[in-house]
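Participant: File follows, my_file16.pdb with PDB, C-alpha atoms:
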ATOM      1  CA  MET A 245      71.174  31.104 112.913
ATOM      2  CA  THR A 246      71.843  33.616 110.132
ATOM      3  CA  ARG A 247      75.442  33.656 109.057
ATOM      4  CA  GLY A 248      77.223  36.981 108.942
ATOM      5  CA  ARG A 249      77.669  38.381 105.444
ATOM      6  CA  PRO A 250      81.177  39.142 104.210
ATOM      7  CA  PRO A 251      81.925  42.863 103.957
ATOM      8  CA  SER A 252      80.878  44.479 100.667
ATOM      9  CA  PRO A 253      83.756  45.096  98.256
ATOM     10  CA  ARG A 254      84.857  48.717  98.101
ATOM     11  CA  PRO A 255      86.709  50.658  95.392
ATOM     12  CA  PRO A 256      90.501  50.664  95.726
ATOM     13  CA  LEU A 257      91.889  53.471  97.840
ATOM     14  CA  PRO A 258      95.074  55.494  97.326
ATOM     15  CA  PRO A 259      98.217  54.274  99.116
ATOM     16  CA  ALA A 260      97.886  56.850 101.896
ATOM     17  CA  ALA A 261      94.411  55.588 102.824
ATOM     18  CA  GLU A 262      95.493  51.927 102.692
ATOM     19  CA  ALA A 263      98.429  52.808 104.956
ATOM     20  CA  PHE A 264      96.019  54.480 107.378
ATOM     21  CA  LEU A 265      93.795  51.376 107.508
ATOM     22  CA  ASP A 266      96.824  49.117 108.017
ATOM     23  CA  ALA A 267      98.007  51.341 110.885
ATOM     24  CA  ALA A 268      94.552  51.238 112.488
ATOM     25  CA  VAL A 269      94.902  47.460 112.758
ATOM     26  CA  ALA A 270      98.598  47.160 113.561
ATOM     27  CA  GLU A 271      99.051  50.090 115.932
ATOM     28  CA  ARG A 272      95.630  50.635 117.525
ATOM     29  CA  GLY A 273      94.163  47.152 117.333
ATOM     30  CA  ALA A 274      91.009  48.433 115.632
ATOM     31  CA  ALA A 275      88.297  45.834 115.149
ATOM     32  CA  ARG A 276      87.650  44.347 111.703
ATOM     33  CA  ASN A 277      84.229  45.989 111.425
ATOM     34  CA  THR A 278      85.666  49.361 112.433
ATOM     35  CA  VAL A 279      88.376  49.196 109.768
ATOM     36  CA  ALA A 280      85.807  48.133 107.169
ATOM     37  CA  ALA A 281      83.654  51.155 108.093
ATOM     38  CA  TYR A 282      86.667  53.481 107.804
ATOM     39  CA  GLY A 283      87.392  52.041 104.375
ATOM     40  CA  ARG A 284      83.822  52.548 103.154
ATOM     41  CA  ASP A 285      83.718  56.109 104.472
ATOM     42  CA  LEU A 286      87.016  57.043 102.841
ATOM     43  CA  ALA A 287      85.996  55.361  99.586
ATOM     44  CA  ASP A 288      82.806  57.421  99.550
ATOM     45  CA  LEU A 289      84.800  60.603 100.197
ATOM     46  CA  ALA A 290      87.331  59.668  97.482
ATOM     47  CA  ALA A 291      84.531  59.136  94.948
ATOM     48  CA  PHE A 292      83.022  62.531  95.773
ATOM     49  CA  LEU A 293      86.397  64.279  95.534
ATOM     50  CA  ALA A 294      87.145  62.607  92.196
ATOM     51  CA  GLY A 295      84.128  64.428  90.801
ATOM     52  CA  ARG A 296      85.781  67.681  91.860
ATOM     53  CA  GLY A 297      89.139  66.668  90.394
ATOM     54  CA  VAL A 298      90.766  66.401  93.838
ATOM     55  CA  ALA A 299      92.800  63.496  95.217
ATOM     56  CA  LEU A 300      91.743  62.117  98.597
ATOM     57  CA  ASP A 301      95.004  62.956 100.345
ATOM     58  CA  ARG A 302      95.090  66.497  98.858
ATOM     59  CA  ALA A 303      91.568  67.589  99.862
ATOM     60  CA  GLY A 304      91.098  71.036 101.391
ATOM     61  CA  VAL A 305      88.671  72.215 104.034
ATOM     62  CA  GLU A 306      86.170  73.477 101.445
ATOM     63  CA  ASP A 307      86.222  70.082  99.727
ATOM     64  CA  LEU A 308      85.382  68.367 103.019
ATOM     65  CA  ARG A 309      82.600  70.856 103.797
ATOM     66  CA  ALA A 310      81.129  70.263 100.359
ATOM     67  CA  PHE A 311      81.201  66.507 100.986
ATOM     68  CA  LEU A 312      79.343  66.850 104.299
ATOM     69  CA  ALA A 313      76.770  69.119 102.646
ATOM     70  CA  ASP A 314      76.309  66.579  99.844
ATOM     71  CA  LEU A 315      75.916  63.812 102.404
ATOM     72  CA  ALA A 316      73.141  65.691 104.201
ATOM     73  CA  ALA A 317      71.309  66.376 100.925
ATOM     74  CA  ARG A 318      71.191  62.768  99.736
ATOM     75  CA  PRO A 319      67.703  61.183  99.381
ATOM     76  CA  GLY A 320      66.466  59.734 102.652
ATOM     77  CA  ALA A 321      69.414  61.152 104.621
ATOM     78  CA  ARG A 322      67.212  63.132 106.983
ATOM     79  CA  ARG A 323      64.994  60.226 107.917
ATOM     80  CA  ALA A 324      65.082  59.507 111.671
ATOM     81  CA  GLY A 325      68.168  61.654 112.154
ATOM     82  CA  THR A 326      70.263  59.598 109.778
ATOM     83  CA  ALA A 327      72.008  62.682 108.359
ATOM     84  CA  ALA A 328      73.531  63.740 111.673
ATOM     85  CA  THR A 329      74.544  60.216 112.678
ATOM     86  CA  THR A 330      76.113  59.369 109.321
ATOM     87  CA  ALA A 331      77.874  62.730 109.033
ATOM     88  CA  ALA A 332      79.330  62.331 112.538
ATOM     89  CA  ARG A 333      80.732  58.918 111.660
ATOM     90  CA  ARG A 334      82.178  60.143 108.346
ATOM     91  CA  LEU A 335      83.664  63.187 110.050
ATOM     92  CA  SER A 336      85.349  60.967 112.624
ATOM     93  CA  ALA A 337      86.904  58.837 109.860
ATOM     94  CA  MET A 338      88.108  61.951 108.015
ATOM     95  CA  ARG A 339      89.656  63.469 111.134
ATOM     96  CA  GLN A 340      91.546  60.312 111.985
ATOM     97  CA  PHE A 341      92.740  59.928 108.383
ATOM     98  CA  PHE A 342      94.078  63.474 108.043
ATOM     99  CA  ARG A 343      95.681  63.381 111.503
ATOM    100  CA  PHE A 344      97.454  60.237 110.346
ATOM    101  CA  LEU A 345      98.694  62.021 107.203
ATOM    102  CA  VAL A 346     100.097  64.863 109.304
ATOM    103  CA  SER A 347     101.722  62.515 111.824
ATOM    104  CA  GLU A 348     103.396  60.553 109.009
ATOM    105  CA  GLY A 349     104.618  63.690 107.237
ATOM    106  CA  TRP A 350     102.390  63.210 104.183
ATOM    107  CA  ARG A 351     100.803  66.616 104.803
ATOM    108  CA  ASP A 352     101.680  69.741 106.751
ATOM    109  CA  ASP A 353      98.096  70.720 107.548
ATOM    110  CA  ASP A 354      94.899  69.033 108.722
ATOM    111  CA  PRO A 355      91.896  70.277 106.691
ATOM    112  CA  SER A 356      89.457  68.507 109.002
ATOM    113  CA  SER A 357      90.556  70.356 112.147
ATOM    114  CA  THR A 358      88.200  73.308 111.609
ATOM    115  CA  LEU A 359      85.122  71.312 110.630
ATOM    116  CA  ASP A 360      82.139  71.391 112.970
ATOM    117  CA  GLY A 361      80.356  68.148 113.640
ATOM    118  CA  PRO A 362      76.572  67.808 113.538
ATOM    119  CA  GLY A 363      74.721  68.301 116.793
ATOM    120  CA  LEU A 364      73.941  64.878 118.143
ATOM    121  CA  ALA A 365      71.782  64.519 121.188
ATOM    122  CA  ARG A 366      73.261  61.526 122.924
ATOM    123  CA  PRO A 367      70.389  59.516 124.412
ATOM    124  CA  LEU A 368      70.578  58.303 127.961
ATOM    125  CA  PRO A 369      70.734  54.525 128.229
ATOM    126  CA  LYS A 370      67.594  52.590 129.014
ATOM    127  CA  LEU A 371      67.481  51.785 132.701
ATOM    128  CA  LEU A 372      66.296  48.886 134.813
ATOM    129  CA  SER A 373      65.806  49.437 138.513
ATOM    130  CA  GLU A 374      67.485  47.267 141.120
ATOM    131  CA  THR A 375      64.044  45.793 141.873
ATOM    132  CA  GLU A 376      63.593  44.811 138.220
ATOM    133  CA  ILE A 377      67.046  43.222 138.054
ATOM    134  CA  ALA A 378      66.232  41.268 141.216
ATOM    135  CA  ALA A 379      62.972  40.093 139.614
ATOM    136  CA  LEU A 380      64.857  38.845 136.559
ATOM    137  CA  LEU A 381      67.371  36.980 138.717
ATOM    138  CA  ASP A 382      64.602  35.439 140.838
ATOM    139  CA  ALA A 383      62.766  34.286 137.713
ATOM    140  CA  ALA A 384      65.954  32.676 136.360
ATOM    141  CA  ALA A 385      66.547  30.901 139.673
ATOM    142  CA  ARG A 386      62.978  29.527 139.655
ATOM    143  CA  ARG A 387      63.399  27.898 136.239
ATOM    144  CA  GLY A 388      65.657  25.188 137.600
ATOM    145  CA  GLY A 389      67.303  22.415 135.605
ATOM    146  CA  PRO A 390      70.290  22.809 133.287
ATOM    147  CA  GLU A 391      68.664  25.572 131.199
ATOM    148  CA  GLY A 392      67.767  27.538 134.302
ATOM    149  CA  ALA A 393      71.227  27.079 135.800
ATOM    150  CA  ARG A 394      72.866  28.316 132.610
ATOM    151  CA  LEU A 395      70.543  31.318 132.303
ATOM    152  CA  LEU A 396      71.105  32.292 135.932
ATOM    153  CA  ALA A 397      74.889  32.023 135.470
ATOM    154  CA  LEU A 398      74.729  34.173 132.339
ATOM    155  CA  LEU A 399      72.591  36.851 133.960
ATOM    156  CA  GLU A 400      74.496  36.958 137.254
ATOM    157  CA  THR A 401      77.812  37.184 135.380
ATOM    158  CA  LEU A 402      76.513  39.905 133.075
ATOM    159  CA  TYR A 403      75.154  41.979 135.946
ATOM    160  CA  ALA A 404      78.192  41.369 138.176
ATOM    161  CA  ALA A 405      80.816  42.207 135.551
ATOM    162  CA  GLY A 406      79.052  44.571 133.127
ATOM    163  CA  LEU A 407      80.293  42.662 130.094
ATOM    164  CA  ARG A 408      79.382  43.352 126.496
ATOM    165  CA  VAL A 409      77.136  40.534 125.280
ATOM    166  CA  SER A 410      79.767  39.492 122.713
ATOM    167  CA  GLU A 411      82.296  39.186 125.544
ATOM    168  CA  LEU A 412      79.903  37.208 127.738
ATOM    169  CA  VAL A 413      78.801  34.513 125.309
ATOM    170  CA  ALA A 414      82.346  33.940 124.018
ATOM    171  CA  LEU A 415      84.005  33.717 127.438
ATOM    172  CA  PRO A 416      86.509  30.868 127.522
ATOM    173  CA  LEU A 417      86.314  28.450 130.409
ATOM    174  CA  ALA A 418      89.845  29.531 131.277
ATOM    175  CA  ALA A 419      88.656  33.121 131.803
ATOM    176  CA  ILE A 420      87.702  32.268 135.393
ATOM    177  CA  ASP A 421      90.693  32.476 137.703
ATOM    178  CA  PRO A 422      91.458  29.369 139.833
ATOM    179  CA  GLU A 423      89.726  30.837 142.894
ATOM    180  CA  GLY A 424      86.738  32.036 140.863
ATOM    181  CA  ARG A 425      87.095  35.636 142.025
ATOM    182  CA  PHE A 426      87.904  37.312 138.700
ATOM    183  CA  LEU A 427      87.225  37.078 134.979
ATOM    184  CA  GLN A 428      89.940  37.728 132.414
ATOM    185  CA  VAL A 429      87.987  39.442 129.622
ATOM    186  CA  ARG A 430      89.203  40.116 126.093
ATOM    187  CA  GLY A 431      87.352  43.159 124.822
ATOM    188  CA  LYS A 432      87.354  45.424 121.793
ATOM    189  CA  GLY A 433      90.602  45.585 119.867
ATOM    190  CA  GLY A 434      91.889  42.532 121.735
ATOM    191  CA  LYS A 435      92.390  44.534 124.931
ATOM    192  CA  GLU A 436      92.249  42.500 128.124
ATOM    193  CA  ARG A 437      90.879  43.548 131.485
ATOM    194  CA  LEU A 438      90.363  41.873 134.860
ATOM    195  CA  VAL A 439      86.825  42.087 136.257
ATOM    196  CA  PRO A 440      85.861  40.973 139.780
ATOM    197  CA  LEU A 441      82.984  38.554 140.376
ATOM    198  CA  ASN A 442      80.654  38.953 143.339
ATOM    199  CA  ASP A 443      79.495  36.074 145.533
ATOM    200  CA  ALA A 444      76.167  35.712 143.705
ATOM    201  CA  ALA A 445      77.866  35.309 140.324
ATOM    202  CA  ARG A 446      80.380  32.852 141.723
ATOM    203  CA  ALA A 447      77.589  30.772 143.273
ATOM    204  CA  ALA A 448      75.599  30.794 140.011
ATOM    205  CA  LEU A 449      78.641  29.675 138.013
ATOM    206  CA  ALA A 450      79.336  26.900 140.516
ATOM    207  CA  LEU A 451      75.726  25.744 140.115
ATOM    208  CA  TYR A 452      75.954  25.806 136.317
ATOM    209  CA  LEU A 453      79.354  24.183 135.730
ATOM    210  CA  PRO A 454      78.192  20.599 136.504
ATOM    211  CA  HIS A 455      75.579  21.061 133.734
ATOM    212  CA  ARG A 456      78.030  22.489 131.179
ATOM    213  CA  ALA A 457      78.768  19.084 129.636
ATOM    214  CA  GLY A 458      75.126  18.849 128.550
ATOM    215  CA  PHE A 459      75.596  21.869 126.275
ATOM    216  CA  LEU A 460      78.770  20.624 124.592
ATOM    217  CA  PRO A 461      78.620  20.039 120.830
ATOM    218  CA  PRO A 462      79.575  16.645 119.379
ATOM    219  CA  GLU A 463      83.332  16.804 119.187
ATOM    220  CA  ARG A 464      86.523  14.853 119.279
ATOM    221  CA  PRO A 465      87.754  14.114 122.822
ATOM    222  CA  GLU A 466      91.140  15.529 121.909
ATOM    223  CA  ALA A 467      89.580  18.894 120.963
ATOM    224  CA  PRO A 468      87.145  19.863 123.738
ATOM    225  CA  SER A 469      85.165  23.114 123.566
ATOM    226  CA  PRO A 470      87.074  26.035 125.119
ATOM    227  CA  TYR A 471      83.929  28.037 125.881
ATOM    228  CA  LEU A 472      82.292  28.629 129.245
ATOM    229  CA  PHE A 473      78.864  28.668 127.573
ATOM    230  CA  PRO A 474      79.152  26.160 124.689
ATOM    231  CA  SER A 475      76.359  25.393 122.244
ATOM    232  CA  PRO A 476      75.763  22.122 120.394
ATOM    233  CA  VAL A 477      74.106  23.900 117.431
ATOM    234  CA  ALA A 478      75.694  27.346 116.959
ATOM    235  CA  ARG A 479      78.324  27.642 114.223
ATOM    236  CA  GLU A 480      80.548  29.650 116.576
ATOM    237  CA  GLY A 481      80.587  26.795 119.090
ATOM    238  CA  HIS A 482      79.151  28.962 121.882
ATOM    239  CA  LEU A 483      75.781  30.448 122.778
ATOM    240  CA  THR A 484      74.977  33.251 120.345
ATOM    241  CA  ARG A 485      74.159  36.861 121.219
ATOM    242  CA  GLN A 486      70.804  36.504 119.480
ATOM    243  CA  ARG A 487      69.803  33.409 121.452
ATOM    244  CA  PHE A 488      70.778  34.970 124.758
ATOM    245  CA  GLY A 489      68.723  38.038 123.848
ATOM    246  CA  GLN A 490      65.723  35.799 123.172
ATOM    247  CA  LEU A 491      66.183  34.028 126.498
ATOM    248  CA  LEU A 492      66.243  37.382 128.307
ATOM    249  CA  LYS A 493      62.994  38.460 126.631
ATOM    250  CA  GLU A 494      61.323  35.214 127.725
ATOM    251  CA  LEU A 495      62.684  35.676 131.233
ATOM    252  CA  ALA A 496      61.353  39.240 131.376
ATOM    253  CA  MET A 497      57.833  37.991 130.695
ATOM    254  CA  LEU A 498      58.137  35.511 133.569
ATOM    255  CA  ALA A 499      59.510  38.251 135.847
ATOM    256  CA  GLY A 500      56.761  40.744 135.035
ATOM    257  CA  VAL A 501      59.211  43.192 133.422
ATOM    258  CA  PRO A 502      58.231  44.625 129.997
ATOM    259  CA  PRO A 503      60.297  42.590 127.493
ATOM    260  CA  ASP A 504      60.874  45.608 125.248
ATOM    261  CA  ARG A 505      62.877  47.184 128.075
ATOM    262  CA  VAL A 506      65.175  44.200 128.564
ATOM    263  CA  SER A 507      68.266  43.264 126.573
ATOM    264  CA  PRO A 508      71.843  42.228 127.401
ATOM    265  CA  HIS A 509      72.995  45.793 126.751
ATOM    266  CA  VAL A 510      70.372  47.206 129.129
ATOM    267  CA  VAL A 511      71.638  44.868 131.869
ATOM    268  CA  ARG A 512      75.159  46.172 131.198
ATOM    269  CA  HIS A 513      73.795  49.711 131.623
ATOM    270  CA  ALA A 514      72.151  48.649 134.881
ATOM    271  CA  PHE A 515      75.490  47.349 136.160
ATOM    272  CA  ALA A 516      77.164  50.734 135.594
ATOM    273  CA  THR A 517      74.231  52.815 136.794
ATOM    274  CA  HIS A 518      73.712  50.881 140.020
ATOM    275  CA  LEU A 519      77.427  50.926 140.837
ATOM    276  CA  LEU A 520      77.562  54.703 140.459
ATOM    277  CA  ASP A 521      74.347  55.116 142.409
ATOM    278  CA  HIS A 522      76.013  53.310 145.333
ATOM    279  CA  GLY A 523      79.117  55.489 145.248
ATOM    280  CA  ALA A 524      81.515  53.769 142.840
ATOM    281  CA  ASP A 525      84.278  55.837 141.273
ATOM    282  CA  LEU A 526      83.717  56.732 137.614
ATOM    283  CA  ARG A 527      87.257  55.643 136.684
ATOM    284  CA  ALA A 528      86.700  52.232 138.257
ATOM    285  CA  VAL A 529      83.453  51.791 136.311
ATOM    286  CA  GLN A 530      85.264  52.844 133.121
ATOM    287  CA  THR A 531      87.862  50.132 133.700
ATOM    288  CA  MET A 532      85.290  47.429 134.374
ATOM    289  CA  LEU A 533      83.202  48.364 131.332
ATOM    290  CA  GLY A 534      86.294  48.338 129.128
ATOM    291  CA  HIS A 535      85.782  51.877 127.821
ATOM    292  CA  ALA A 536      88.922  53.298 126.219
ATOM    293  CA  ASP A 537      87.740  56.874 126.822
ATOM    294  CA  ILE A 538      86.124  58.069 130.038
ATOM    295  CA  ALA A 539      83.887  60.336 127.936
ATOM    296  CA  THR A 540      81.990  57.182 126.954
ATOM    297  CA  THR A 541      81.431  56.311 130.609
ATOM    298  CA  GLN A 542      80.241  59.820 131.450
ATOM    299  CA  ILE A 543      76.856  59.042 129.902
ATOM    300  CA  TYR A 544      76.087  57.599 133.339
ATOM    301  CA  THR A 545      76.956  60.714 135.311
ATOM    302  CA  HIS A 546      73.304  61.776 135.398
ATOM    303  CA  VAL A 547      73.092  59.172 138.149
ATOM    304  CA  LEU A 548      75.889  60.857 140.063
ATOM    305  CA  GLY A 549      74.059  64.175 139.788
ATOM    306  CA  GLU A 550      70.893  62.719 141.259
ATOM    307  CA  ARG A 551      72.802  61.011 144.075
ATOM    308  CA  LEU A 552      74.772  64.123 144.991
ATOM    309  CA  ALA A 553      71.627  66.241 144.975
ATOM    310  CA  ARG A 554      70.001  63.751 147.346
ATOM    311  CA  LEU A 555      73.037  63.800 149.633
ATOM    312  CA  VAL A 556      72.883  67.600 149.826
ATOM    313  CA  ARG A 557      69.154  67.586 150.536
ATOM    314  CA  GLU A 558      69.460  64.967 153.268
ATOM    315  CA  HIS A 559      72.756  65.836 154.944
ATOM    316  CA  HIS A 560      73.701  69.479 154.346
ATOM    317  CA  PRO A 561      73.321  71.406 157.630
ATOM    318  CA  LEU A 562      71.387  74.223 155.925
ATOM    319  CA  ALA A 563      69.221  72.015 153.712
ATOM    320  CA  THR A 564      66.240  72.011 156.110
ATOM    321  CA  ARG A 565      66.397  75.705 156.975
ATOM    322  CA  ARG A 566      63.932  78.036 155.335
TER     323      ARG A 566
END
Mind converting the file's structure to structure tokens?

Facilitator:
Amino acid sequence: MTRGRPPSPRPPLPPAAEAFLDAAVAERGAARNTVAAYGRDLADLAAFLAGRGVALDRAGVEDLRAFLADLAARPGARRAGTAATTAARRLSAMRQFFRFLVSEGWRDDDPSSTLDGPGLARPLPKLLSETEIAALLDAAARRGGPEGARLLALLETLYAAGLRVSELVALPLAAIDPEGRFLQVRGKGGKERLVPLNDAARAALALYLPHRAGFLPPERPEAPSPYLFPSPVAREGHLTRQRFGQLLKELAMLAGVPPDRVSPHVVRHAFATHLLDHGADLRAVQTMLGHADIATTQIYTHVLGERLARLVREHHPLATRR
């Protein structure tokens, strides 16, 4: 397995920016990678502003517009839509930074408030049908043995709970409640949520747990592995995201599903899509997915539109009249 690289060093930032990054961690529980990205974005903006003789915390709206224009004009920026994606991320960092300055009394105005973001067409998630999910589960069940039992437990849990792959592979054994009906999941920013398990997932976990000892790494008896899906070879001590992704691709070939359409994230999308298609409330799906903002969950509302249109066609008293 390839070890993660440490974050690249960035130029020092002014005290206001460092205070903003500290607050992102302490007050909002922002993830390490998110804070590192904020730091890089603000360092890039600070370097650009220095060329104009302007301090980062004193920038005006024209300075910020000039920065976004410079960003879009950089070599290779327009390749595959990179300009719009990068500008949107930088704009988000700037907005949060200047809002922080206003909230802390470091500035009276927010120069980012009037900036327009680039038009980003948000793609719909890749979808797997319920038939394709069933084919994947059947193929996992047919594998048998410890490897098959583990793969079936992983897939049933992923599809039943809609977890992020990082949440799934790092689940502690203690995440399962004593009756096996719920998972206690720690998501982004350390936020915890309770996710119900259906009967199929509970049965798959019960089938796998007797085999779990075979996946334990060599360890001291006084320090047993805390993970539900341990690994004897991974540095993290649990099955890696990359390995699970590989296992899903192999399973897709056995199930007759195109492997390029299958990934842990696509199964998570299937969980949300199929729930909504069967009448689940959008707020409930938001909670189970662990989305902080319902706007993120609304990417799935195309499913609601199709379902409501079908209901009108099939059940409205005037639908069959000419």

Participant: Suppose a student applies the PyMOL selection byres ((chain A and resi 423) around 12) to this structure; what residues should they get, written as a PyMOL selection string?

Facilitator: chain A and resi 418-422+424-427+440-441+443+446+450

Participant: Mind checking which residues fall within 9 Å of stretch 288-303 of chain A, counting all atoms listed in the file, ignoring those fewer than 2 positions away in the same chain, and posting them as JSON, numbers by chain?

Facilitator: {"A": [255, 257, 258, 260, 261, 283, 284, 285, 286, 305, 306, 307, 308, 311, 314, 334, 338, 341, 342, 345, 350, 351, 355]}

Participant: Could you state the separation of atom CA of A:Leu312 and atom CA of A:Gln340 in Å, given to one decimal place?

Facilitator: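 The value is 15.8 Å.
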
Participant: So that I can check the surroundings of stretch 481-492 of chain A, please list as a ChimeraX atom specification every protein, DNA and RNA residue that reaches within 9 Å of it, counting only C-alpha atoms and ignoring chain neighbours fewer than 4 positions away.

Facilitator: /A:245,380,395,398-399,409-410,412-415,460-461,469-477,496-497,503,506-508

Participant: Every residue with an atom at most 12 Å from (84.8, 46.5, 126.7) (file coordinates; all atoms listed in the file) is what I'm after, so could you write them as number ranges by chain?

Facilitator: A: 405-412, 428-439, 509, 512, 529-537, 540-541

Participant: In Å, with one decimal, what is the gap from atom CA of A:Ala478 to atom CA of A:Ala499?

Facilitator: 27.2 Å

Participant: Just so the selection is clear, what residues does the PyMOL selection byres ((chain A and resi 384-392) around 12) cover here, as a PyMOL selection string?

Facilitator: chain A and resi 377-383+393-400+444+447-449+451-459+473+475+488+491-499

Participant: Emit as JSON the padded axis-aligned box for all listed atoms of stretch 303-312 of chain A, 8 Å per side, with centre and edge lengths in Å to one decimal.

Facilitator:
{"center_x": 85.5, "center_y": 70.0, "center_z": 102.0, "size_x": 28.2, "size_y": 23.0, "size_z": 20.6}

Participant: Do you know which residues are at most 10 Å from A:Ala274 counting only C-alpha atoms, after dropping those on the same chain fewer than 4 positions away, and could you put them as number ranges by chain?

Facilitator: A: 265-270, 278-280, 432-434

Participant: Go ahead and dump the residues you just picked, C-alpha atoms, as a short mmCIF file (atom, residue, chain, number, x, y, z; two decimals), in the coordinates of the input.

Facilitator:
data_model
loop_
_atom_site.label_atom_id
_atom_site.label_comp_id
_atom_site.auth_asym_id
_atom_site.auth_seq_id
_atom_site.Cartn_x
_atom_site.Cartn_y
_atom_site.Cartn_z
CA LEU A 265 93.80 51.38 107.51
CA ASP A 266 96.82 49.12 108.02
CA ALA A 267 98.01 51.34 110.88
CA ALA A 268 94.55 51.24 112.49
CA VAL A 269 94.90 47.46 112.76
CA ALA A 270 98.60 47.16 113.56
CA THR A 278 85.67 49.36 112.43
CA VAL A 279 88.38 49.20 109.77
CA ALA A 280 85.81 48.13 107.17
CA LYS A 432 87.35 45.42 121.79
CA GLY A 433 90.60 45.58 119.87
CA GLY A 434 91.89 42.53 121.74
#

Participant: Quick check, in Å to one decimal: how far apart do atom CA of A:Ala404 and atom CA of A:Ala275 lie?

Facilitator: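 Value for the atom CA of A:Ala404-atom CA of A:Ala275 distance: 25.5 Å.
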
Participant: Give me the residues near A:Leu519 as a list in words, where near means some atom within 12 Å (using only C-alpha atoms) and where sequence neighbours in that chain fewer than 3 positions away do not count.

Facilitator: Ser373, Glu374, Tyr403, Ala404, Ala405, Gly406, Arg512, His513, Ala514, Phe515, Ala516, His522, Gly523, Ala524, Asp525, Leu526, Arg527, Ala528, Val529, Gln530, Met532, Leu533, Tyr544, Thr545, Val547, Leu548 and Arg551 of chain A

Participant: Any chance you can output those residues with C-alpha atoms as a compact mmCIF listing (two decimals), keeping the file's coordinate frame?

Facilitator:
# COMPACT_ATOMS: atom_id res chain seq x y z
CA SER A 373 65.81 49.44 138.51
CA GLU A 374 67.48 47.27 141.12
CA TYR A 403 75.15 41.98 135.95
CA ALA A 404 78.19 41.37 138.18
CA ALA A 405 80.82 42.21 135.55
CA GLY A 406 79.05 44.57 133.13
CA ARG A 512 75.16 46.17 131.20
CA HIS A 513 73.80 49.71 131.62
CA ALA A 514 72.15 48.65 134.88
CA PHE A 515 75.49 47.35 136.16
CA ALA A 516 77.16 50.73 135.59
CA HIS A 522 76.01 53.31 145.33
CA GLY A 523 79.12 55.49 145.25
CA ALA A 524 81.52 53.77 142.84
CA ASP A 525 84.28 55.84 141.27
CA LEU A 526 83.72 56.73 137.61
CA ARG A 527 87.26 55.64 136.68
CA ALA A 528 86.70 52.23 138.26
CA VAL A 529 83.45 51.79 136.31
CA GLN A 530 85.26 52.84 133.12
CA MET A 532 85.29 47.43 134.37
CA LEU A 533 83.20 48.36 131.33
CA TYR A 544 76.09 57.60 133.34
CA THR A 545 76.96 60.71 135.31
CA VAL A 547 73.09 59.17 138.15
CA LEU A 548 75.89 60.86 140.06
CA ARG A 551 72.80 61.01 144.07

Participant: Here is a test: counting all atoms listed in the file, which residue of A:Tyr282, A:Ala287, A:Gly304, A:Arg505 is nearest to A:Pro256?

Facilitator: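 For A:Pro256, the nearest of the candidates is A:Ala287.
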